[in-house]
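Q: I'd like to ask you about the structure that follows.
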Amino acid sequence: MDEYKIPKQTHIGHVHLKVSDLERSLAFYRDILGFEVTTMYGNQAAFISAGGYHHHIGLNTWHSKGLPPALTNSVGLYHTAIVYPTRRDLAAIYDRLRKAHYPMSGASDHGVSEALYLDDPDGNGVELYWDRPRDRWEYNPDGTVVMYTKALDLGNLLQELA
């Protein structure tokens, strides 16, 4: 088989999540994270976006209304990663989560990015992060990107807001 490489301009368009309670999910994605509702499908589904795109995230209860979260030790989505444009923007959402007393499961410096980890109300993993500029990334001798997981200094992150 010929070697095929996906076009460089390709990107993930959206993620669609099965949720148990649409209003509870909107309270998280819309009211805490700040996504805008672009379309509602009655009380069963909502499309939400950043900046007016038709949707970055779909939320629906079509097969999941009132059901418990998926098991942690099973196949399925690990997390949805949401990229913020700047470190200051990441600091602002961290401050918002902190003031809302929303629980986080982690915060990491990955070398190429800095990330906050949490779960949505249905236990779906969410990563909020910003990428460092590519000219600040480190590379191995073979050209692969150096990535690691170190603790993120959240106090230093908040200094972006000072």
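Just so we're on the same page: first chain in the structure tokens is A, next is B, and so on; residues restart at 1 for each chain, and ligands are numbered from 1 in the order they show up.
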Which residues, written as a PDB file with N, CA and C atoms, in the first residue's frame, have at least one atom at most 10 Å from region 124-130 of chain A, with only C-alpha atoms counted and residues fewer than 5 positions away on the same chain left out?
A:
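result.pdb written:
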ATOM      1  N   LEU A  17     -20.484  14.774  22.165  1.00  0.00           N
ATOM      2  CA  LEU A  17     -20.503  14.013  23.411  1.00  0.00           C
ATOM      3  C   LEU A  17     -21.905  13.568  23.785  1.00  0.00           C
ATOM      4  N   LYS A  18     -22.018  12.332  24.238  1.00  0.00           N
ATOM      5  CA  LYS A  18     -23.259  11.858  24.829  1.00  0.00           C
ATOM      6  C   LYS A  18     -23.243  12.309  26.292  1.00  0.00           C
ATOM      7  N   VAL A  19     -24.303  12.974  26.711  1.00  0.00           N
ATOM      8  CA  VAL A  19     -24.393  13.464  28.084  1.00  0.00           C
ATOM      9  C   VAL A  19     -25.677  12.966  28.724  1.00  0.00           C
ATOM     10  N   LEU A  33     -17.108  27.472  31.089  1.00  0.00           N
ATOM     11  CA  LEU A  33     -16.044  27.596  30.085  1.00  0.00           C
ATOM     12  C   LEU A  33     -16.294  28.721  29.089  1.00  0.00           C
ATOM     13  N   PRO A  69     -22.183   7.994  34.194  1.00  0.00           N
ATOM     14  CA  PRO A  69     -20.999   8.184  33.352  1.00  0.00           C
ATOM     15  C   PRO A  69     -20.440   6.853  32.860  1.00  0.00           C
ATOM     16  N   ALA A  70     -19.708   6.904  31.757  1.00  0.00           N
ATOM     17  CA  ALA A  70     -19.009   5.719  31.256  1.00  0.00           C
ATOM     18  C   ALA A  70     -17.970   5.280  32.289  1.00  0.00           C
ATOM     19  N   THR A  72     -14.540   4.343  33.926  1.00  0.00           N
ATOM     20  CA  THR A  72     -13.190   4.856  33.722  1.00  0.00           C
ATOM     21  C   THR A  72     -12.308   3.818  33.032  1.00  0.00           C
ATOM     22  N   GLY A  76     -13.220   4.204  25.088  1.00  0.00           N
ATOM     23  CA  GLY A  76     -13.996   5.410  24.882  1.00  0.00           C
ATOM     24  C   GLY A  76     -13.095   6.625  24.830  1.00  0.00           C
ATOM     25  N   LEU A  77     -13.703   7.771  24.821  1.00  0.00           N
ATOM     26  CA  LEU A  77     -12.982   9.036  24.751  1.00  0.00           C
ATOM     27  C   LEU A  77     -12.182   9.268  26.036  1.00  0.00           C
ATOM     28  N   TYR A  78     -10.897   9.565  25.903  1.00  0.00           N
ATOM     29  CA  TYR A  78     -10.079   9.876  27.080  1.00  0.00           C
ATOM     30  C   TYR A  78     -10.312  11.316  27.515  1.00  0.00           C
ATOM     31  N   HIS A  79     -10.143  12.251  26.585  1.00  0.00           N
ATOM     32  CA  HIS A  79     -10.506  13.640  26.866  1.00  0.00           C
ATOM     33  C   HIS A  79     -10.663  14.425  25.575  1.00  0.00           C
ATOM     34  N   THR A  80     -11.351  15.532  25.703  1.00  0.00           N
ATOM     35  CA  THR A  80     -11.445  16.522  24.646  1.00  0.00           C
ATOM     36  C   THR A  80     -10.461  17.620  25.004  1.00  0.00           C
ATOM     37  N   ALA A  81      -9.616  18.017  24.072  1.00  0.00           N
ATOM     38  CA  ALA A  81      -8.613  19.050  24.331  1.00  0.00           C
ATOM     39  C   ALA A  81      -9.036  20.348  23.657  1.00  0.00           C
ATOM     40  N   ILE A  82      -9.082  21.400  24.457  1.00  0.00           N
ATOM     41  CA  ILE A  82      -9.496  22.719  23.977  1.00  0.00           C
ATOM     42  C   ILE A  82      -8.291  23.642  24.040  1.00  0.00           C
ATOM     43  N   VAL A  83      -7.889  24.191  22.898  1.00  0.00           N
ATOM     44  CA  VAL A  83      -6.689  25.016  22.801  1.00  0.00           C
ATOM     45  C   VAL A  83      -7.048  26.489  22.987  1.00  0.00           C
ATOM     46  N   TYR A  84      -6.386  27.137  23.917  1.00  0.00           N
ATOM     47  CA  TYR A  84      -6.538  28.579  24.129  1.00  0.00           C
ATOM     48  C   TYR A  84      -5.434  29.300  23.364  1.00  0.00           C
ATOM     49  N   PRO A  85      -5.713  30.508  22.859  1.00  0.00           N
ATOM     50  CA  PRO A  85      -4.735  31.174  21.999  1.00  0.00           C
ATOM     51  C   PRO A  85      -3.482  31.661  22.714  1.00  0.00           C
ATOM     52  N   THR A  86      -3.579  31.995  24.013  1.00  0.00           N
ATOM     53  CA  THR A  86      -2.411  32.529  24.724  1.00  0.00           C
ATOM     54  C   THR A  86      -2.334  31.960  26.134  1.00  0.00           C
ATOM     55  N   ARG A  87      -1.187  32.112  26.737  1.00  0.00           N
ATOM     56  CA  ARG A  87      -1.005  31.697  28.133  1.00  0.00           C
ATOM     57  C   ARG A  87      -1.898  32.529  29.047  1.00  0.00           C
ATOM     58  N   ARG A  88      -2.064  33.791  28.720  1.00  0.00           N
ATOM     59  CA  ARG A  88      -2.958  34.651  29.511  1.00  0.00           C
ATOM     60  C   ARG A  88      -4.393  34.126  29.472  1.00  0.00           C
ATOM     61  N   ASP A  89      -4.848  33.654  28.319  1.00  0.00           N
ATOM     62  CA  ASP A  89      -6.190  33.081  28.213  1.00  0.00           C
ATOM     63  C   ASP A  89      -6.321  31.824  29.072  1.00  0.00           C
ATOM     64  N   LEU A  90      -5.272  31.000  29.092  1.00  0.00           N
ATOM     65  CA  LEU A  90      -5.290  29.811  29.956  1.00  0.00           C
ATOM     66  C   LEU A  90      -5.343  30.233  31.422  1.00  0.00           C
ATOM     67  N   ALA A  91      -4.603  31.260  31.780  1.00  0.00           N
ATOM     68  CA  ALA A  91      -4.631  31.764  33.155  1.00  0.00           C
ATOM     69  C   ALA A  91      -6.027  32.268  33.511  1.00  0.00           C
ATOM     70  N   ILE A  93      -8.976  31.262  32.315  1.00  0.00           N
ATOM     71  CA  ILE A  93      -9.925  30.169  32.545  1.00  0.00           C
ATOM     72  C   ILE A  93      -9.559  29.432  33.822  1.00  0.00           C
ATOM     73  N   TYR A  94      -8.280  29.316  34.137  1.00  0.00           N
ATOM     74  CA  TYR A  94      -7.897  28.704  35.415  1.00  0.00           C
ATOM     75  C   TYR A  94      -8.454  29.527  36.571  1.00  0.00           C
ATOM     76  N   MET A 104     -10.343  20.232  39.647  1.00  0.00           N
ATOM     77  CA  MET A 104      -9.422  19.858  38.567  1.00  0.00           C
ATOM     78  C   MET A 104      -8.756  18.544  38.946  1.00  0.00           C
ATOM     79  N   SER A 105      -8.376  17.779  37.953  1.00  0.00           N
ATOM     80  CA  SER A 105      -7.682  16.521  38.209  1.00  0.00           C
ATOM     81  C   SER A 105      -6.184  16.628  37.980  1.00  0.00           C
ATOM     82  N   GLY A 106      -5.720  17.752  37.408  1.00  0.00           N
ATOM     83  CA  GLY A 106      -4.296  17.908  37.199  1.00  0.00           C
ATOM     84  C   GLY A 106      -3.959  19.179  36.454  1.00  0.00           C
ATOM     85  N   ALA A 107      -2.656  19.480  36.449  1.00  0.00           N
ATOM     86  CA  ALA A 107      -2.127  20.633  35.722  1.00  0.00           C
ATOM     87  C   ALA A 107      -0.690  20.289  35.354  1.00  0.00           C
ATOM     88  N   SER A 108      -0.376  20.319  34.063  1.00  0.00           N
ATOM     89  CA  SER A 108       0.930  19.844  33.608  1.00  0.00           C
ATOM     90  C   SER A 108       1.592  20.783  32.614  1.00  0.00           C
ATOM     91  N   ASP A 109       2.917  20.789  32.686  1.00  0.00           N
ATOM     92  CA  ASP A 109       3.766  21.425  31.678  1.00  0.00           C
ATOM     93  C   ASP A 109       4.285  20.282  30.810  1.00  0.00           C
ATOM     94  N   VAL A 112       5.887  21.458  25.184  1.00  0.00           N
ATOM     95  CA  VAL A 112       5.293  22.123  24.024  1.00  0.00           C
ATOM     96  C   VAL A 112       4.028  22.890  24.404  1.00  0.00           C
ATOM     97  N   SER A 113       3.472  22.562  25.573  1.00  0.00           N
ATOM     98  CA  SER A 113       2.207  23.159  25.992  1.00  0.00           C
ATOM     99  C   SER A 113       2.105  23.148  27.512  1.00  0.00           C
ATOM    100  N   GLU A 114       1.140  23.921  28.013  1.00  0.00           N
ATOM    101  CA  GLU A 114       0.776  23.892  29.426  1.00  0.00           C
ATOM    102  C   GLU A 114      -0.706  23.573  29.476  1.00  0.00           C
ATOM    103  N   ALA A 115      -1.102  22.678  30.400  1.00  0.00           N
ATOM    104  CA  ALA A 115      -2.452  22.149  30.362  1.00  0.00           C
ATOM    105  C   ALA A 115      -3.083  22.022  31.742  1.00  0.00           C
ATOM    106  N   LEU A 116      -4.397  22.235  31.758  1.00  0.00           N
ATOM    107  CA  LEU A 116      -5.231  21.996  32.930  1.00  0.00           C
ATOM    108  C   LEU A 116      -6.128  20.808  32.604  1.00  0.00           C
ATOM    109  N   TYR A 117      -6.349  19.928  33.566  1.00  0.00           N
ATOM    110  CA  TYR A 117      -7.177  18.751  33.350  1.00  0.00           C
ATOM    111  C   TYR A 117      -8.330  18.731  34.336  1.00  0.00           C
ATOM    112  N   LEU A 118      -9.509  18.385  33.830  1.00  0.00           N
ATOM    113  CA  LEU A 118     -10.697  18.292  34.660  1.00  0.00           C
ATOM    114  C   LEU A 118     -11.692  17.379  33.961  1.00  0.00           C
ATOM    115  N   ASP A 119     -12.782  17.083  34.632  1.00  0.00           N
ATOM    116  CA  ASP A 119     -13.856  16.296  34.036  1.00  0.00           C
ATOM    117  C   ASP A 119     -15.098  17.156  33.928  1.00  0.00           C
TER     118      ASP A 119
END
Q: Can you list every residue in region 9-158 of chain A that DSSP puts in strand (DSSP E or B), as a ChimeraX atom specification?
A: /A:15-18,36-41,45-49,57-60,79-83,106-109,113-119,125-131,139,145,150-151
Q: Point out the residue among A:His56, A:Glu23, A:Val75, A:Tyr29 with the least atom-to-atom distance to Gly42 (chain A), counting only C-alpha atoms.
A: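 Residue with the minimum atom-to-atom distance to Gly42 (chain A): A:Glu23.
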Q: I need the residue nearest His110 (chain A) from this list: A:Asn73, A:Thr144, A:Thr149, A:Asn43. Use only C-alpha atoms for the distance.
A: A:Thr149
Q: Return the single residue from A:Asp95, A:Pro7, A:Phe47, A:Gly111 that is closest to Trp137 (chain A), with distances computed using only C-alpha atoms.
A: A:Gly111
Q: With distances taken over only C-alpha atoms, which of A:Ile6, A:Ala151, A:Ala46, A:Leu97 is nearest to Asp120 (chain A)?
A: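 Smallest separation from Asp120 (chain A) among the options: A:Leu97.
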Q: Which is closest to Asn60 (chain A) among A:Asp21, A:Asp2, A:Asp142, A:Glu36, if we use only C-alpha atoms?
A: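 Among the listed residues, A:Asp21 lies closest to Asn60 (chain A).
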Q: Would you list, as a PyMOL selection string, the residues of region 3-121 of chain A that end up in alpha helix (DSSP H) under DSSP run on this structure's backbone?
A: chain A and resi 22-26+87-99
Q: Those same residues - N, CA and C atoms - I'd like them written as a compact mmCIF listing (two decimals), in the first residue's frame.
A:
# COMPACT_ATOMS: atom_id res chain seq x y z
N LEU A 22 -28.65 17.55 29.66
CA LEU A 22 -28.22 18.62 28.77
C LEU A 22 -28.03 19.94 29.50
N GLU A 23 -28.96 20.32 30.36
CA GLU A 23 -28.84 21.59 31.08
C GLU A 23 -27.62 21.61 31.99
N ARG A 24 -27.34 20.50 32.64
CA ARG A 24 -26.15 20.41 33.50
C ARG A 24 -24.89 20.56 32.67
N SER A 25 -24.85 19.95 31.49
CA SER A 25 -23.70 20.07 30.61
C SER A 25 -23.55 21.50 30.09
N LEU A 26 -24.66 22.14 29.75
CA LEU A 26 -24.59 23.53 29.30
C LEU A 26 -24.12 24.44 30.43
N ARG A 87 -1.19 32.11 26.74
CA ARG A 87 -1.00 31.70 28.13
C ARG A 87 -1.90 32.53 29.05
N ARG A 88 -2.06 33.79 28.72
CA ARG A 88 -2.96 34.65 29.51
C ARG A 88 -4.39 34.13 29.47
N ASP A 89 -4.85 33.65 28.32
CA ASP A 89 -6.19 33.08 28.21
C ASP A 89 -6.32 31.82 29.07
N LEU A 90 -5.27 31.00 29.09
CA LEU A 90 -5.29 29.81 29.96
C LEU A 90 -5.34 30.23 31.42
N ALA A 91 -4.60 31.26 31.78
CA ALA A 91 -4.63 31.76 33.15
C ALA A 91 -6.03 32.27 33.51
N ALA A 92 -6.69 32.93 32.59
CA ALA A 92 -8.02 33.46 32.85
C ALA A 92 -9.03 32.34 33.10
N ILE A 93 -8.98 31.26 32.31
CA ILE A 93 -9.93 30.17 32.54
C ILE A 93 -9.56 29.43 33.82
N TYR A 94 -8.28 29.32 34.14
CA TYR A 94 -7.90 28.70 35.41
C TYR A 94 -8.45 29.53 36.57
N ASP A 95 -8.32 30.84 36.50
CA ASP A 95 -8.84 31.71 37.56
C ASP A 95 -10.36 31.56 37.68
N ARG A 96 -11.02 31.47 36.55
CA ARG A 96 -12.48 31.29 36.55
C ARG A 96 -12.88 29.97 37.20
N LEU A 97 -12.18 28.89 36.86
CA LEU A 97 -12.45 27.58 37.47
C LEU A 97 -12.19 27.62 38.97
N ARG A 98 -11.10 28.26 39.34
CA ARG A 98 -10.72 28.36 40.75
C ARG A 98 -11.78 29.11 41.54
N LYS A 99 -12.25 30.22 41.01
CA LYS A 99 -13.27 31.03 41.70
C LYS A 99 -14.62 30.31 41.75
